Structure formats: structure tokens, C-alpha cells
file entry-v7.cif (mmCIF, C-alpha atoms)
data_input
loop_
_atom_site.label_atom_id
_atom_site.label_comp_id
_atom_site.auth_asym_id
_atom_site.auth_seq_id
_atom_site.Cartn_x
_atom_site.Cartn_y
_atom_site.Cartn_z
CA MET A 1352 -34.43 23.43 -50.10
CA THR A 1353 -36.96 20.64 -49.89
CA PRO A 1354 -38.42 19.54 -46.54
CA THR A 1355 -36.59 16.18 -46.78
CA ARG A 1356 -33.21 17.84 -47.24
CA ARG A 1357 -33.95 20.26 -44.42
CA ARG A 1358 -34.74 17.35 -42.07
CA ARG A 1359 -31.51 15.61 -43.07
CA LEU A 1360 -29.54 18.82 -42.51
CA TYR A 1361 -31.06 19.23 -39.03
CA LEU A 1362 -30.34 15.57 -38.27
CA VAL A 1363 -26.69 15.90 -39.32
CA LEU A 1364 -26.30 19.15 -37.35
CA GLY A 1365 -27.90 17.51 -34.30
CA ILE A 1366 -25.55 14.54 -34.52
CA LEU A 1367 -22.52 16.83 -34.88
CA ALA A 1368 -23.65 18.89 -31.88
CA GLY A 1369 -24.15 15.73 -29.79
CA VAL A 1370 -20.74 14.33 -30.69
CA SER A 1371 -19.12 17.69 -29.95
CA ILE A 1372 -20.77 17.93 -26.54
CA ALA A 1373 -19.82 14.32 -25.68
CA GLY A 1374 -16.22 14.97 -26.76
CA ALA A 1375 -16.02 18.15 -24.70
CA LEU A 1376 -17.36 16.34 -21.61
CA ALA A 1377 -14.90 13.46 -22.07
CA LEU A 1378 -11.93 15.83 -22.46
CA ASN A 1379 -13.00 17.79 -19.38
CA ALA A 1380 -13.25 14.58 -17.31
CA PHE A 1381 -9.87 13.41 -18.59
CA LYS A 1382 -8.26 16.75 -17.78
CA ARG A 1383 -9.57 16.67 -14.22
CA ASN A 1384 -8.39 13.10 -13.61
CA VAL A 1385 -4.85 13.49 -14.96
CA THR A 1386 -2.26 13.50 -12.21
CA PHE A 1387 1.25 14.51 -13.17
CA TYR A 1388 4.43 13.06 -11.70
CA PHE A 1389 7.26 15.29 -10.44
CA ASP A 1390 10.56 14.60 -8.75
CA PRO A 1391 12.00 16.79 -5.94
CA THR A 1392 14.17 18.76 -8.40
CA ALA A 1393 11.13 19.77 -10.46
CA VAL A 1394 9.27 20.75 -7.28
CA SER A 1395 12.19 22.89 -6.08
CA ARG A 1396 12.34 24.63 -9.47
CA GLY A 1397 8.75 25.76 -8.95
CA GLU A 1398 7.15 23.66 -11.69
CA VAL A 1399 4.28 22.88 -9.31
CA SER A 1400 1.99 25.49 -7.79
CA PRO A 1401 0.70 25.10 -4.21
CA GLY A 1402 -2.61 23.29 -4.02
CA GLN A 1403 -2.16 21.52 -7.38
CA PRO A 1404 -2.53 17.72 -6.97
CA PHE A 1405 0.41 15.69 -8.30
CA ARG A 1406 2.57 12.66 -7.57
CA LEU A 1407 5.95 13.07 -5.93
CA GLY A 1408 8.50 10.31 -6.40
CA GLY A 1409 11.95 9.66 -5.09
CA MET A 1410 13.85 8.00 -2.29
CA VAL A 1411 13.10 8.35 1.43
CA THR A 1412 16.10 10.07 3.01
CA GLU A 1413 17.90 8.03 5.68
CA GLY A 1414 17.10 9.25 9.20
CA SER A 1415 14.27 11.55 8.09
CA VAL A 1416 11.21 9.57 9.24
CA ARG A 1417 9.55 11.19 12.27
CA ARG A 1418 6.34 9.88 13.83
CA ALA A 1419 4.08 11.91 16.09
CA PRO A 1420 3.50 9.97 19.32
CA GLY A 1421 -0.09 8.78 19.73
CA SER A 1422 -1.19 9.59 16.19
CA LEU A 1423 -0.84 8.32 12.63
CA GLU A 1424 1.01 11.44 11.48
CA VAL A 1425 4.37 10.74 9.83
CA GLN A 1426 6.86 13.19 8.41
CA PHE A 1427 9.74 12.26 6.15
CA VAL A 1428 11.89 13.70 3.38
CA VAL A 1429 11.87 12.55 -0.26
CA THR A 1430 14.99 13.14 -2.35
CA ASP A 1431 16.29 12.53 -5.84
CA PHE A 1432 19.81 13.18 -4.49
CA ASN A 1433 19.80 16.68 -5.95
CA HIS A 1434 16.97 18.28 -3.98
CA GLN A 1435 14.75 17.32 -1.05
CA VAL A 1436 11.05 17.82 -0.33
CA PRO A 1437 9.56 17.39 3.17
CA VAL A 1438 6.44 15.20 3.20
CA SER A 1439 3.65 15.04 5.77
CA TYR A 1440 1.27 12.07 5.78
CA THR A 1441 -1.49 11.02 8.15
CA GLY A 1442 -2.43 7.37 7.85
CA VAL A 1443 -1.02 3.87 7.84
CA LEU A 1444 2.13 3.51 5.76
CA PRO A 1445 2.64 0.49 3.49
CA ASP A 1446 4.64 -2.43 4.87
CA LEU A 1447 7.43 -1.87 2.33
CA PHE A 1448 7.94 1.76 3.39
CA ARG A 1449 11.47 2.22 4.77
CA GLU A 1450 14.22 4.78 4.81
CA GLY A 1451 16.44 4.51 1.76
CA THR A 1452 13.75 2.96 -0.45
CA GLY A 1453 11.70 4.35 -3.31
CA VAL A 1454 8.34 5.97 -2.70
CA VAL A 1455 5.59 7.63 -4.71
CA ALA A 1456 3.23 9.93 -2.82
CA HIS A 1457 0.03 11.47 -4.14
CA GLY A 1458 -1.06 14.83 -2.72
CA SER A 1459 -0.42 18.55 -3.02
CA LEU A 1460 2.13 21.14 -2.04
CA ARG A 1461 1.49 23.64 0.77
CA ALA A 1462 2.65 27.24 0.49
CA ASP A 1463 5.53 26.55 2.91
CA GLY A 1464 6.97 23.89 0.54
CA THR A 1465 5.78 20.82 2.45
CA PHE A 1466 4.11 18.11 0.39
CA VAL A 1467 0.93 16.87 2.09
CA ALA A 1468 0.32 13.31 0.95
CA ASP A 1469 -3.10 11.69 0.64
CA GLU A 1470 -1.61 8.35 -0.35
CA VAL A 1471 1.87 6.82 -0.07
CA LEU A 1472 3.03 3.93 -2.23
CA ALA A 1473 6.27 2.10 -1.46
CA LYS A 1474 8.22 0.45 -4.24
CA HIS A 1475 9.90 -2.88 -3.62
CA ASP A 1476 12.83 -2.55 -6.03
CA GLU A 1477 14.48 -0.35 -8.62
CA LYS A 1478 12.42 -1.78 -11.51
CA TYR A 1479 9.66 0.68 -10.61
CA MET A 1480 11.98 3.61 -10.03
CA PRO A 1481 11.27 6.76 -12.04
CA PRO A 1482 13.91 7.28 -14.75
CA GLN A 1483 15.03 10.62 -13.27
CA VAL A 1484 15.74 9.03 -9.88
CA ALA A 1485 17.53 6.05 -11.45
CA LYS A 1486 19.79 8.38 -13.45
CA SER A 1487 20.52 10.43 -10.35
CA LEU A 1488 21.40 7.28 -8.40
CA LYS A 1489 23.73 6.08 -11.14
CA ARG A 1490 25.48 9.44 -11.29
CA ARG A 1491 25.86 9.67 -7.54
CA HIS A 1492 26.56 6.09 -6.48
CA GLY A 1493 27.50 4.25 -9.64
CA GLU A 1494 26.06 0.99 -10.91
CA SER A 1495 26.62 -0.90 -7.63
CA ARG A 1496 24.03 1.21 -5.76
CA THR A 1497 21.23 0.56 -8.25
CA GLU A 1498 22.03 -3.15 -8.48
CA ALA A 1499 22.31 -3.69 -4.71
CA PRO A 1500 18.58 -4.24 -3.96
CA ALA A 1501 18.31 -6.95 -6.63
CA GLY A 1502 21.04 -9.06 -5.00
CA SER A 1503 19.90 -8.56 -1.42
CA GLY A 1504 16.89 -10.62 -0.55
CA ALA A 1505 15.68 -13.68 1.26
CA THR A 1506 17.23 -16.10 -1.23
CA PRO A 1507 21.05 -16.12 -1.38
CA ALA A 1508 22.55 -15.54 -4.81
CA SER A 1509 25.43 -17.95 -4.14
CA THR A 1510 23.27 -21.07 -3.72
CA PRO A 1511 24.36 -23.66 -6.29
CA PRO A 1512 21.58 -24.94 -8.60
CA ALA A 1513 22.23 -28.58 -7.62
CA ALA A 1514 21.55 -27.79 -3.93
CA GLU A 1515 18.10 -26.44 -4.74
CA GLY A 1516 16.92 -29.62 -6.46
CA SER A 1517 17.93 -32.06 -3.66
#
call {"tool": "encode", "arguments": {"input": "entry-v7.cif", "output": "C-alpha cells"}}
result
Amino acid sequence: MTPTRRRRLYLVLGILAGVSIAGALALNAFKRNVTFYFDPTAVSRGEVSPGQPFRLGGMVTEGSVRRAPGSLEVQFVVTDFNHQVPVSYTGVLPDLFREGTGVVAHGSLRADGTFVADEVLAKHDEKYMPPQVAKSLKRRHGESRTEAPAGSGATPASTPPAAEGS
């Protein structure tokens, strides 16, 4: 092998090694930053191990919100109408957070089955509802339950178009 071919071979091998290392680092960073979404049924089936960060989505159960007096600690229950997961959160909740509305919480599961949230996001309507929760709502309450939030709002649905333009 001539010295020129040897240099080219080393150059090609060096480039391949560099691209391989860069690819491995990118995949490792991507793997660490991926956060999976689970609903309460998947959590109750044991698909999530304690300490693993993930997103929990569902509806806040009516009457489940409990606030600790004098602190920012809030406890509530998230359901998909099949199973329930207790959630503990310390911080300021979003303005749209209410019982009976959709929520997505980011955090991890404790060994006792309580989800400890680092962040809570409230959803303002069913457009952002996870498909599993929407299907569960339709099965349990029928179409009228999932359509109810769209019709209830600040603007009445029965206002005639002519009245708006005057």
C-alpha cells in the first residue's frame, strides 16, 4: 500500500470514527430526554417503575383536591375512569386547573404508588385530551360528556348571527 492510500485510509477511518462517536452521543442525549406518557390504567398495570420520570395524563377526580394549609402542597387524584392514581404536587397550580378537567403532570412514581409531580399542566378543552382518556369518556358517558366543554363557555351558542353584527 502506498503512503498516499494509507493516508486516505486513515482519513476515512477517522471520519467514520468521528461520525460514530457523534451519533452515539446524540442517541444517548435523545434517550435521556425522552419522557413517555402513561394513563392511570397503564400505571396501575405496573408499566412504570418507581423513580422513572414520565408524564401522567387524565382527568382530575371531582372532590379529590386537598390543599395543605399554609403551604403550596396539593394532593389530588387523576383518573381515566378505569383506574385512579394519587398525585402530590408542591407549587403553584395553573389557573385552568380544576376538578373534572384534563391534566398532564410530569414527575415520577413513589414506591407507595403516589405520583410526585414536578410540573402540572391543565388543559382547557377536550381537543388536547389523550386518545385513551377520550375513548374512556365516550364509553362511560357517551358523546354528550365529551362535547359538553365545547358548548359551555363565555359566549352563548344560541346568539343569532344578526345580533352580533349590530
call {"tool": "atom_distance", "arguments": {"input": "entry-v7.cif", "atom1": "atom CA of Ser1439 of chain A", "atom2": "atom CA of His1457 of chain A"}}
result
11.1 Å
call {"tool": "closest_atom_pairs", "arguments": {"input": "entry-v7.cif", "of": "segment 1397-1494 of chain A", "to": "segment 1373-1387 of chain A", "cutoff": "9 Å", "atoms": "only C-alpha atoms", "output": "Markdown table"}}
result
| residue | atom | partner | partner_atom | distance |
| --- | --- | --- | --- | --- |
| A:Pro1404 | CA | A:Thr1386 | CA | 6.7 |
| A:Phe1405 | CA | A:Phe1387 | CA | 5.1 |
| A:Arg1406 | CA | A:Phe1387 | CA | 6.0 |
| A:Leu1407 | CA | A:Phe1387 | CA | 8.8 |
| A:His1457 | CA | A:Thr1386 | CA | 8.6 |
call {"tool": "atom_distance", "arguments": {"input": "entry-v7.cif", "atom1": "atom CA of Glu1470 of chain A", "atom2": "atom CA of Val1454 of chain A"}}
result
10.5 Å
call {"tool": "resolve_selection", "arguments": {"input": "entry-v7.cif", "expression": "the PyMOL selection byres ((chain A and resi 1396-1399) around 12)", "output": "list of chain:residue names"}}
result
A:Thr1386, A:Phe1387, A:Tyr1388, A:Phe1389, A:Asp1390, A:Pro1391, A:Thr1392, A:Ala1393, A:Val1394, A:Ser1395, A:Ser1400, A:Pro1401, A:Gly1402, A:Gln1403, A:Pro1404, A:Phe1405, A:Arg1406, A:Leu1407, A:Asn1433, A:His1434, A:Gln1435, A:Val1436, A:Gly1458, A:Ser1459, A:Leu1460, A:Arg1461, A:Ala1462, A:Gly1464, A:Phe1466
call {"tool": "atom_distance", "arguments": {"input": "entry-v7.cif", "atom1": "atom CA of Tyr1440 of chain A", "atom2": "atom CA of Phe1427 of chain A"}}
result
8.5 Å
